[in-house]
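Structure, as structure tokens:
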Amino acid sequence: MKIVDNVKEIRNIVKEWKADGLTVGLVPTMGYLHEGHKSLIDRAVAENDRVVVSDFVNPMQFGPKEDLATYPRDLEMDSALCEAAGAHIIFHPEPDEMYHDDFSSFVDMNTLTSGLCGKTRPIHFRGVCTVLAKLFNIVQPDKAYFGQKDAQQLAVVTHMVNDLNFNLEIIGCPIIREKDGLAKSSRNTYLSVEERQAALVLSKSLKNGKALIESGETNAKKVIKSIYDEISAEPLAKIDYVEIVSWPTLEEVDTIDSDILCAIAVYIGKVRLIDNFIIKK
Ligand code: AMP
């Protein structure tokens with residue numbers, strides 16, 4: 001496995017792969033890889049001849065008050081995980097390789113990005129769409145892999161690829177959790193022991209909300225309230241949002257009678273965590 005830090009080199013490698021008729025899978029990440037990322041890499045390795053894992057903490061998707069500077073980074077650990085999983089390249093550019101001084105073009109979206117995480121993180125999805133468009137152009141993958149953990153991102157990127165005719169398939173992958181239910185996340189490392197325990201309220205409240213729907217409840221407001229109340233009872237938790245929206249169109253829903261996404265964002269202390277479930281009717 002090779003670590004590549006510049007666009008020219010990765011383009012040349014991919015060109016040779018394509019000339020040999022090999023298929024290419026891309027797994028975009030911000031590094032500090034865990035088993036959630038690994039599940040994406042495993043699937044990409046199973047479905048493609050060559051796999052590129054991008055490992056780039058994209059400054060453009062962080063707001064001014066967010067955790068860009070402190071976001072955990074460990075290229076050595078990431079390399080070991082990628083190598084063991086059978087990936088062929090880690091693409092690990094410095095920010096100035098991706099964004100030259102005169103960079104001034106962006107990809108943005110009118111729909112899908114205004115609600116859910118887009119409310120609290122207004123510039124986030126412009127940064128996500130822009131970096132993914134760049135990665136798709138650089139790596140030219142046949143398939144790109146995304147976790148349902150970031151469900152809004154999965155919906156946004158699928159829509160973007162369709163709108164802009166990128167010649168690739170987006171593959172959504174299930175959420176990988178710790179044994180006790182907490183969704184794996186690079187940001188879990190920020191949690192103190194006490195906060196780690198409190199963070200269980202996310203997955204627990206979602207599990208109960210999901211059970212409510214499965215037992216026949218179709219009133220979205222009632223399900224939202226039950227999740228909201230359960231999280232509110234945890235002293236270390238502060239809710240950003242609890243929402244039920246249509247999947248994958250992310251529109252407000254009153255009655256649960258077709259595919260839905262139930263998504264939450266909750267601060268545990270200063271750490272903002274997200275989790276969700278999708279129900280297909
Ligand atoms: P990140 O490094 O947080 O930007 O995540 C890179 C990719 O890994 C995204 O497509 C995420 O949705 C996915 N991912 C992160 N955590 C998990 C998880 N616990 N289960 C499945 N996919 C995940």
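Labeling convention for the structure tokens: chains A, B, ... as they appear, residues from 1 per chain, ligands from 1 in order of appearance.
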Each residue of stretch 80-197 of chain A lying at most 10 Å from stretch 249-263 of chain A should get a row with its shortest atom-to-atom pair and the distance in Å to one decimal, counting only C-alpha atoms; could you produce that, ordered by chain and increasing number, as a Markdown table?
| residue | atom | partner | partner_atom | distance |
| --- | --- | --- | --- | --- |
| A:Thr111 | CA | A:Thr249 | CA | 8.6 |
| A:Leu112 | CA | A:Leu250 | CA | 6.0 |
| A:Thr113 | CA | A:Leu250 | CA | 8.9 |
| A:Ser114 | CA | A:Leu250 | CA | 9.7 |
| A:Gly115 | CA | A:Leu250 | CA | 7.9 |
| A:Leu116 | CA | A:Ala263 | CA | 7.7 |
| A:Cys117 | CA | A:Ala263 | CA | 9.4 |
| A:Lys149 | CA | A:Ala263 | CA | 9.6 |
| A:Asp150 | CA | A:Ala263 | CA | 9.5 |
| A:Ala151 | CA | A:Ala263 | CA | 8.0 |
| A:Gln152 | CA | A:Leu250 | CA | 7.9 |
| A:Ala155 | CA | A:Thr249 | CA | 7.4 |
| A:Val156 | CA | A:Thr249 | CA | 9.1 |
| A:His159 | CA | A:Thr249 | CA | 9.1 |
For those residues, write all heavy atoms to a file as an mmCIF file, in the first residue's frame.
data_model
loop_
_atom_site.group_PDB
_atom_site.id
_atom_site.type_symbol
_atom_site.label_atom_id
_atom_site.label_comp_id
_atom_site.auth_asym_id
_atom_site.auth_seq_id
_atom_site.Cartn_x
_atom_site.Cartn_y
_atom_site.Cartn_z
ATOM 1 N N THR A 111 -31.428 22.253 -2.349
ATOM 2 C CA THR A 111 -32.274 21.401 -1.531
ATOM 3 C C THR A 111 -31.391 20.518 -0.658
ATOM 4 O O THR A 111 -30.177 20.512 -0.810
ATOM 5 C CB THR A 111 -33.117 20.480 -2.434
ATOM 6 O OG1 THR A 111 -32.220 19.803 -3.298
ATOM 7 C CG2 THR A 111 -34.122 21.256 -3.237
ATOM 8 N N LEU A 112 -31.954 19.780 0.222
ATOM 9 C CA LEU A 112 -31.304 18.743 1.050
ATOM 10 C C LEU A 112 -30.308 19.276 2.086
ATOM 11 O O LEU A 112 -30.004 18.605 3.058
ATOM 12 C CB LEU A 112 -30.572 17.694 0.190
ATOM 13 C CG LEU A 112 -31.377 16.916 -0.840
ATOM 14 C CD1 LEU A 112 -30.511 15.819 -1.458
ATOM 15 C CD2 LEU A 112 -32.620 16.297 -0.253
ATOM 16 N N THR A 113 -29.746 20.471 1.864
ATOM 17 C CA THR A 113 -28.674 20.924 2.764
ATOM 18 C C THR A 113 -29.132 21.984 3.750
ATOM 19 O O THR A 113 -28.363 22.391 4.616
ATOM 20 C CB THR A 113 -27.489 21.503 1.961
ATOM 21 O OG1 THR A 113 -27.981 22.561 1.139
ATOM 22 C CG2 THR A 113 -26.844 20.453 1.090
ATOM 23 N N SER A 114 -30.396 22.435 3.641
ATOM 24 C CA SER A 114 -30.813 23.536 4.517
ATOM 25 C C SER A 114 -31.285 23.029 5.888
ATOM 26 O O SER A 114 -31.144 23.729 6.885
ATOM 27 C CB SER A 114 -31.915 24.363 3.852
ATOM 28 O OG SER A 114 -32.945 23.496 3.435
ATOM 29 N N GLY A 115 -31.816 21.787 5.944
ATOM 30 C CA GLY A 115 -32.321 21.269 7.217
ATOM 31 C C GLY A 115 -31.296 20.433 7.951
ATOM 32 O O GLY A 115 -30.106 20.428 7.604
ATOM 33 N N LEU A 116 -31.757 19.748 8.999
ATOM 34 C CA LEU A 116 -30.921 18.835 9.801
ATOM 35 C C LEU A 116 -29.583 19.505 10.149
ATOM 36 O O LEU A 116 -29.570 20.611 10.682
ATOM 37 C CB LEU A 116 -30.721 17.510 9.047
ATOM 38 C CG LEU A 116 -32.008 16.764 8.644
ATOM 39 C CD1 LEU A 116 -31.675 15.534 7.789
ATOM 40 C CD2 LEU A 116 -32.838 16.348 9.833
ATOM 41 N N CYS A 117 -28.457 18.869 9.827
ATOM 42 C CA CYS A 117 -27.143 19.428 10.206
ATOM 43 C C CYS A 117 -26.866 20.757 9.505
ATOM 44 O O CYS A 117 -26.075 21.572 9.997
ATOM 45 C CB CYS A 117 -26.023 18.441 9.893
ATOM 46 S SG CYS A 117 -26.005 17.030 11.015
ATOM 47 N N LYS A 149 -24.159 6.505 8.740
ATOM 48 C CA LYS A 149 -23.908 7.312 9.955
ATOM 49 C C LYS A 149 -24.125 8.800 9.653
ATOM 50 O O LYS A 149 -24.717 9.534 10.440
ATOM 51 C CB LYS A 149 -22.483 7.044 10.438
ATOM 52 C CG LYS A 149 -21.908 8.065 11.383
ATOM 53 C CD LYS A 149 -22.297 7.770 12.782
ATOM 54 C CE LYS A 149 -21.905 8.808 13.787
ATOM 55 N NZ LYS A 149 -20.882 9.753 13.429
ATOM 56 N N ASP A 150 -23.606 9.242 8.487
ATOM 57 C CA ASP A 150 -23.820 10.621 8.031
ATOM 58 C C ASP A 150 -24.907 10.578 6.964
ATOM 59 O O ASP A 150 -24.636 10.729 5.767
ATOM 60 C CB ASP A 150 -22.515 11.198 7.479
ATOM 61 C CG ASP A 150 -21.429 11.239 8.537
ATOM 62 O OD1 ASP A 150 -20.731 10.224 8.719
ATOM 63 O OD2 ASP A 150 -21.305 12.261 9.214
ATOM 64 N N ALA A 151 -26.147 10.339 7.398
ATOM 65 C CA ALA A 151 -27.226 10.053 6.437
ATOM 66 C C ALA A 151 -27.496 11.238 5.516
ATOM 67 O O ALA A 151 -27.740 11.049 4.319
ATOM 68 C CB ALA A 151 -28.494 9.663 7.198
ATOM 69 N N GLN A 152 -27.440 12.451 6.074
ATOM 70 C CA GLN A 152 -27.709 13.613 5.215
ATOM 71 C C GLN A 152 -26.629 13.718 4.134
ATOM 72 O O GLN A 152 -26.922 13.986 2.969
ATOM 73 C CB GLN A 152 -27.756 14.892 6.061
ATOM 74 C CG GLN A 152 -28.212 16.110 5.260
ATOM 75 C CD GLN A 152 -28.401 17.346 6.127
ATOM 76 O OE1 GLN A 152 -27.929 17.376 7.271
ATOM 77 N NE2 GLN A 152 -29.064 18.357 5.609
ATOM 78 N N ALA A 155 -27.382 11.266 1.403
ATOM 79 C CA ALA A 155 -28.450 11.751 0.511
ATOM 80 C C ALA A 155 -27.930 12.863 -0.394
ATOM 81 O O ALA A 155 -28.218 12.884 -1.598
ATOM 82 C CB ALA A 155 -29.636 12.258 1.345
ATOM 83 N N VAL A 156 -27.140 13.768 0.178
ATOM 84 C CA VAL A 156 -26.617 14.911 -0.583
ATOM 85 C C VAL A 156 -25.684 14.437 -1.699
ATOM 86 O O VAL A 156 -25.805 14.864 -2.848
ATOM 87 C CB VAL A 156 -25.885 15.890 0.375
ATOM 88 C CG1 VAL A 156 -25.007 16.874 -0.391
ATOM 89 C CG2 VAL A 156 -26.896 16.646 1.236
ATOM 90 N N HIS A 159 -27.501 12.735 -4.535
ATOM 91 C CA HIS A 159 -28.213 13.733 -5.346
ATOM 92 C C HIS A 159 -27.231 14.511 -6.236
ATOM 93 O O HIS A 159 -27.494 14.748 -7.422
ATOM 94 C CB HIS A 159 -28.942 14.693 -4.402
ATOM 95 C CG HIS A 159 -30.067 15.427 -5.036
ATOM 96 N ND1 HIS A 159 -31.319 14.900 -5.176
ATOM 97 C CD2 HIS A 159 -30.114 16.656 -5.594
ATOM 98 C CE1 HIS A 159 -32.097 15.783 -5.787
ATOM 99 N NE2 HIS A 159 -31.376 16.852 -6.056
#
At a cut-off of 6 Å around ligand 1, and using only C-alpha atoms and all ligand atoms, what residues come up? Please write them as a list in words.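 These are the residues that qualify: Pro28, Thr29, Met30, Gly31, Gly36, His37, Phe146, Gly147, Gln148, Lys149, Asp150, Pro174, Ile175, Ile176, Arg177, Ala183, Lys184 and Ser185 of chain A.
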Can you write just those residues out, C-alpha atoms, as a PDB file, in the first residue's frame?
ATOM      1  CA  PRO A  28     -13.576   9.323   1.308  1.00  0.00           C
ATOM      2  CA  THR A  29     -12.663   9.919   4.981  1.00  0.00           C
ATOM      3  CA  MET A  30     -11.202  12.507   7.310  1.00  0.00           C
ATOM      4  CA  GLY A  31      -8.882   9.909   8.846  1.00  0.00           C
ATOM      5  CA  GLY A  36     -16.963   2.210  10.813  1.00  0.00           C
ATOM      6  CA  HIS A  37     -14.500   3.364   8.154  1.00  0.00           C
ATOM      7  CA  PHE A 146     -20.392   6.366   2.317  1.00  0.00           C
ATOM      8  CA  GLY A 147     -21.738   5.489   5.751  1.00  0.00           C
ATOM      9  CA  GLN A 148     -25.379   5.870   6.741  1.00  0.00           C
ATOM     10  CA  LYS A 149     -23.908   7.312   9.955  1.00  0.00           C
ATOM     11  CA  ASP A 150     -23.820  10.621   8.031  1.00  0.00           C
ATOM     12  CA  PRO A 174     -24.804   0.531   7.506  1.00  0.00           C
ATOM     13  CA  ILE A 175     -23.851   2.235  10.782  1.00  0.00           C
ATOM     14  CA  ILE A 176     -21.214   0.373  12.802  1.00  0.00           C
ATOM     15  CA  ARG A 177     -21.667   0.655  16.564  1.00  0.00           C
ATOM     16  CA  ALA A 183     -22.259   4.797  16.856  1.00  0.00           C
ATOM     17  CA  LYS A 184     -18.515   4.697  16.165  1.00  0.00           C
ATOM     18  CA  SER A 185     -17.085   8.132  15.440  1.00  0.00           C
TER      19      SER A 185
END
Find, counting only C-alpha atoms, the residue in A:His100, A:Lys225, A:Lys143, A:Lys134 that gets nearest to A:Asp49.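 Nearest candidate to A:Asp49 out of A:His100, A:Lys225, A:Lys143, A:Lys134: A:Lys143.
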Hey, what's within 7 Å of A:Arg50 if we count only C-alpha atoms and toss same-chain stuff fewer than 4 positions away? As a list in words, please? Leu22, Thr23, Val24, Gly25 and His88 of chain A
Contact residues around A:Leu164 with only C-alpha atoms at 10 Å, ignoring same-chain residues under 4 positions, as a short mmCIF file (atom, residue, chain, number, x, y, z; two decimals) with N, CA, C and O atoms, in the first residue's frame:
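Ended up saving to around.cif:
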data_model
loop_
_atom_site.label_atom_id
_atom_site.label_comp_id
_atom_site.auth_asym_id
_atom_site.auth_seq_id
_atom_site.Cartn_x
_atom_site.Cartn_y
_atom_site.Cartn_z
N VAL A 107 -19.03 23.77 -5.20
CA VAL A 107 -20.24 23.04 -5.55
C VAL A 107 -21.18 23.17 -4.36
O VAL A 107 -20.78 22.93 -3.22
N ALA A 133 -16.58 16.55 -5.07
CA ALA A 133 -16.49 16.75 -6.52
C ALA A 133 -15.02 16.70 -6.94
O ALA A 133 -14.67 16.08 -7.96
N HIS A 159 -27.50 12.73 -4.54
CA HIS A 159 -28.21 13.73 -5.35
C HIS A 159 -27.23 14.51 -6.24
O HIS A 159 -27.49 14.75 -7.42
N MET A 160 -26.10 14.88 -5.66
CA MET A 160 -25.10 15.66 -6.41
C MET A 160 -24.57 14.88 -7.61
O MET A 160 -24.44 15.41 -8.72
#
Going by DSSP on the backbone, which residues of stretch 66-132 of chain A come out as alpha helix (DSSP H)? List them as a ChimeraX atom specification. /A:75-85,95-98,117-120,124-132
With a distance cut-off of 9 Å and only C-alpha atoms, select the neighbouring residues of stretch 2-18 of chain A, excluding the residue or stretch itself and same-chain residues fewer than 2 positions from it, and output the selection as a PyMOL selection string. chain A and resi 20-24+49-50+79+83+88-94+97-98+138-141
Just give me the gap between atom CA of A:Ala46 and atom CA of A:Leu182 in Å, one decimal is fine.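 Atom-to-atom, atom CA of A:Ala46 to atom CA of A:Leu182, that is 26.4 Å.
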Polymer residues at most 8 Å from stretch 234-242 of chain A, only C-alpha atoms, same-chain spacing of 6 or more positions, as an MDAnalysis selection string: chainID A and resid 116 120 195 198:199 201 224 227:228 262:269
What parts of stretch 176-242 of chain A does DSSP call strand (DSSP E or B)? I'd like the answer as a list in words.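 The residues of stretch 176-242 of chain A classed as strand (DSSP E or B) are Arg177, Ala183, Asn219, Ala237, Lys238, Ile239, Asp240, Tyr241 and Val242 of chain A.
Closest approach to A:Val245 among A:Lys221, A:Ser232, A:Glu47, A:Ile274: A:Lys221, based on only C-alpha atoms.
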What separation in Å, quoted to one decimal, exists between atom CA of A:Gly216 and atom CA of A:Ile244?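 Between atom CA of A:Gly216 and atom CA of A:Ile244 the gap works out to 15.6 Å.
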